[in-house]
2 protein chains.
Amino acid sequence: MDHHDAEADFEQLLRAADLRVTRPRLAVLRAVRRHPHADTGSVLAAVRTEEPTVSHQAVYDVLGVLSDSGLVRRIQPAGSVARYELRVGDNHHHVVCRSCGTVADVDCAVGVRPCLDASDTHGFVVDEAEVTYWGLCPACATAPATATATEN
Amino acid sequence: MDHHDAEADFEQLLRAADLRVTRPRLAVLRAVRRHPHADTGSVLAAVRTEEPTVSHQAVYDVLGVLSDSGLVRRIQPAGSVARYELRVGDNHHHVVCRSCGTVADVDCAVGVRPCLDASDTHGFVVDEAEVTYWGLCPACATAPATATATEN
DNA sequence: TGAAAGACTTGACTGATTCAAGTAAAGACG
DNA sequence: CGTCTTTACTTGAATCAGTCAAGTCTTTCA
């Protein structure tokens with residue numbers, strides 16, 4: 001994984017989305033790549049290891065525009081703050097640990113767009129079906145409940 | 001729907017769950033029945049039309065214990081505050097309007113427990129698959145986006 | 001009826017997220 | 001390459017859902 005190639009990728013990604021290329025945006029993209037499912041606070045911390053002067057507001061703004069542009073995906077399991085990931089457009093889903101809040105990716109077995117056919121959507125125009133699996137992660141399934149959700 | 005019968009039902013429900021029967025709890029159950037998918041604030045407001053002295057903390061507490069006991073179900077679509085409903089244990093799902101946040105119930109067409117078979121759950125012990133359909137409600141699909149999510 | 005456990009009230013507090021005003025940097029164009 | 005316009009970022013304050021803590025009232029059960 002060459003550093004400059006990855007940089008170029010993110011830069012292209014931004015330009016293709018008609019977004020200005022800025023240091024905070026590149027840093028956020030790198031942070032999200034390094035920490036899949038990280039919440040805003042973790043992204044901020046990760047960003048500041050490279051760009052110590054980036055403000056917390058900038059991170060909120062950047063995550064907002066990147067989400068709106070579809071460059072990152074925002075998820076928010078019940079009871080959790082917003083989390084972000086780079087995997088986008090591949091219709092994957094998430095398992096969330098009820099005990100510690102850890103999130104992992106899951107490819108649905110049913111097909112490319114599972115469960116997108118609801119019987120009656122009351123006239124809603126549906127464009128996405130999001131599946132969240134709830135349960136216990138390997139650690140919490142065996143150990144007593146202690147941990148609290150923070151990072152992945 | 002006779003008033004006293006319904007009261008008796010809720011009372012039984014509470015006792016069956018080993019919960020004390022209190023005015024706030026009955027009022028919350030009635031409020032949630034009257035306002036499916038209402039958030040905590042709306043439940044509080046609805047409760048106070050019958051029991052004006054109930055504190056906001058009590059409503060949080062009651063909704064907490066009722067959720068833990070499985071008497072009500074708590075949902076929280078991304079970007080929304082917690083919402084509550086009485087329909088429980090029937091594995092139904094939700095459509096959420098991207099524009100106004102309105103929530104509606106959906107029975108999944110695939111079967112009783114749709115999508116519960118994920119290909120690889122990374123060792124998680126999964127006990128529930130929650131499906132959230134995203135799209136536009138009839139009103140927002142035709143009209144320009146204006147409304148903001150509040151009540152159902 | 002009276003005691004013990006549990007629920008409720010009150011009031012303060014936290015923490016994620018947003019708002020607003022001003023400064024700085026990116027991209028376009030000459 | 002320098003200037004201009006647009007848009008991003010910084011700073012600092014504010015909001016709001018939800019939680020914590022201490023004390024009082026109720027429910028339940030003996």
# chains A, B, ... in the order shown; residues from 1 in each chain; ligands from 1

$ select_by_dssp --residues "chain A" --states "strand (DSSP E)" --output "VMD selection string"
chain A and resid 38 to 39 73 to 75 83 to 85 93 to 97 103 to 106 125 to 136

$ interface_residues --of "chain B" --to "chain C" --cutoff "9 Å" --atoms "only C-alpha atoms (C1' of nucleotides)" --output "VMD selection string"
chain B and resid 20 22 24 54 to 55 57 to 58

$ write_last_selection --atoms "N, CA and C atoms" --output "PDB file, in the first residue's frame"
ATOM      1  N   ARG B  20     -43.959  -3.540  38.832  1.00  0.00           N
ATOM      2  CA  ARG B  20     -45.017  -2.910  39.618  1.00  0.00           C
ATOM      3  C   ARG B  20     -45.923  -2.094  38.720  1.00  0.00           C
ATOM      4  N   THR B  22     -47.856   1.031  38.119  1.00  0.00           N
ATOM      5  CA  THR B  22     -47.904   2.423  38.593  1.00  0.00           C
ATOM      6  C   THR B  22     -48.612   3.288  37.562  1.00  0.00           C
ATOM      7  N   PRO B  24     -47.648   6.170  36.239  1.00  0.00           N
ATOM      8  CA  PRO B  24     -46.782   6.561  35.124  1.00  0.00           C
ATOM      9  C   PRO B  24     -46.600   5.455  34.088  1.00  0.00           C
ATOM     10  N   VAL B  54     -46.276  13.826  35.895  1.00  0.00           N
ATOM     11  CA  VAL B  54     -45.198  12.868  35.655  1.00  0.00           C
ATOM     12  C   VAL B  54     -43.943  13.586  35.158  1.00  0.00           C
ATOM     13  N   SER B  55     -42.819  13.252  35.761  1.00  0.00           N
ATOM     14  CA  SER B  55     -41.559  13.923  35.416  1.00  0.00           C
ATOM     15  C   SER B  55     -40.946  13.337  34.150  1.00  0.00           C
ATOM     16  N   GLN B  57     -37.925  12.518  33.800  1.00  0.00           N
ATOM     17  CA  GLN B  57     -37.063  11.410  34.188  1.00  0.00           C
ATOM     18  C   GLN B  57     -37.855  10.112  34.305  1.00  0.00           C
ATOM     19  N   ALA B  58     -39.062  10.208  34.856  1.00  0.00           N
ATOM     20  CA  ALA B  58     -39.900   9.023  35.008  1.00  0.00           C
ATOM     21  C   ALA B  58     -40.170   8.402  33.644  1.00  0.00           C
TER      22      ALA B  58
END

$ residues_around --residues "stretch 70-85 of chain B" --least-positions-apart "6" --cutoff "6 Å" --atoms "only C-alpha atoms (C1' of nucleotides)" --output "MDAnalysis selection string"
(chainID A and resid 76 78) or (chainID B and resid 32 36:39)

$ write_last_selection --atoms "all heavy atoms" --output "short mmCIF file (atom, residue, chain, number, x, y, z; two decimals), in the first residue's frame"
data_model
loop_
_atom_site.label_atom_id
_atom_site.label_comp_id
_atom_site.auth_asym_id
_atom_site.auth_seq_id
_atom_site.Cartn_x
_atom_site.Cartn_y
_atom_site.Cartn_z
N GLN A 76 -25.34 4.36 12.17
CA GLN A 76 -25.64 4.76 13.55
C GLN A 76 -26.57 3.75 14.20
O GLN A 76 -27.78 3.94 14.24
CB GLN A 76 -26.28 6.15 13.56
CG GLN A 76 -26.41 6.71 14.95
CD GLN A 76 -26.90 8.14 14.95
OE1 GLN A 76 -27.30 8.67 13.92
NE2 GLN A 76 -26.89 8.77 16.10
N ALA A 78 -28.66 1.82 16.88
CA ALA A 78 -29.39 2.34 18.03
C ALA A 78 -28.49 2.36 19.26
O ALA A 78 -27.79 1.40 19.55
CB ALA A 78 -30.62 1.49 18.31
N VAL B 32 -47.85 5.31 24.24
CA VAL B 32 -47.17 4.64 23.13
C VAL B 32 -48.19 3.97 22.21
O VAL B 32 -48.03 3.96 21.00
CB VAL B 32 -46.14 3.62 23.66
CG1 VAL B 32 -45.56 2.80 22.51
CG2 VAL B 32 -45.01 4.34 24.40
N PRO B 36 -47.74 5.48 17.92
CA PRO B 36 -46.67 4.54 17.56
C PRO B 36 -45.50 5.30 16.94
O PRO B 36 -45.72 6.25 16.19
CB PRO B 36 -47.33 3.65 16.49
CG PRO B 36 -48.79 3.90 16.60
CD PRO B 36 -48.95 5.27 17.13
N HIS B 37 -44.29 4.90 17.29
CA HIS B 37 -43.05 5.51 16.79
C HIS B 37 -42.82 6.90 17.35
O HIS B 37 -42.01 7.65 16.81
CB HIS B 37 -43.04 5.57 15.25
CG HIS B 37 -43.41 4.29 14.60
ND1 HIS B 37 -44.35 4.21 13.60
CD2 HIS B 37 -42.98 3.03 14.81
CE1 HIS B 37 -44.48 2.95 13.22
NE2 HIS B 37 -43.67 2.22 13.94
N ALA B 38 -43.49 7.25 18.42
CA ALA B 38 -43.26 8.56 19.03
C ALA B 38 -41.91 8.58 19.75
O ALA B 38 -41.47 7.56 20.28
CB ALA B 38 -44.37 8.89 20.02
N ASP B 39 -41.27 9.73 19.76
CA ASP B 39 -40.02 9.84 20.51
C ASP B 39 -40.33 10.15 21.98
O ASP B 39 -41.49 10.35 22.34
CB ASP B 39 -39.11 10.93 19.91
CG ASP B 39 -39.80 12.27 19.86
OD1 ASP B 39 -40.59 12.59 20.77
OD2 ASP B 39 -39.54 13.03 18.91
#

$ interface_residues --of "chain D" --to "chain B" --cutoff "12 Å" --atoms "only C-alpha atoms (C1' of nucleotides)" --output "list in words"
DC16, DA17, DG18, DT19, DC20, DT26, DT27 and DT28 of chain D

$ interface_residues --of "chain A" --to "chain B" --cutoff "10 Å" --atoms "only C-alpha atoms" --output "ChimeraX atom specification"
/A:74-82,93-98,103-111,114-141

$ select_by_dssp --residues "chain A" --states "alpha helix (DSSP H)" --output "VMD selection string"
chain A and resid 3 to 16 23 to 34 40 to 50 56 to 69 138 to 142

$ atom_distance --atom1 "atom CA of B:Arg34" --atom2 "atom CA of B:Arg87"
12.0 Å

$ atom_distance --atom1 "atom CA of A:Thr49" --atom2 "atom CA of A:Ala31"
9.4 Å

$ atom_distance --atom1 "atom CA of B:Ala45" --atom2 "atom CA of B:Gly64"
17.0 Å
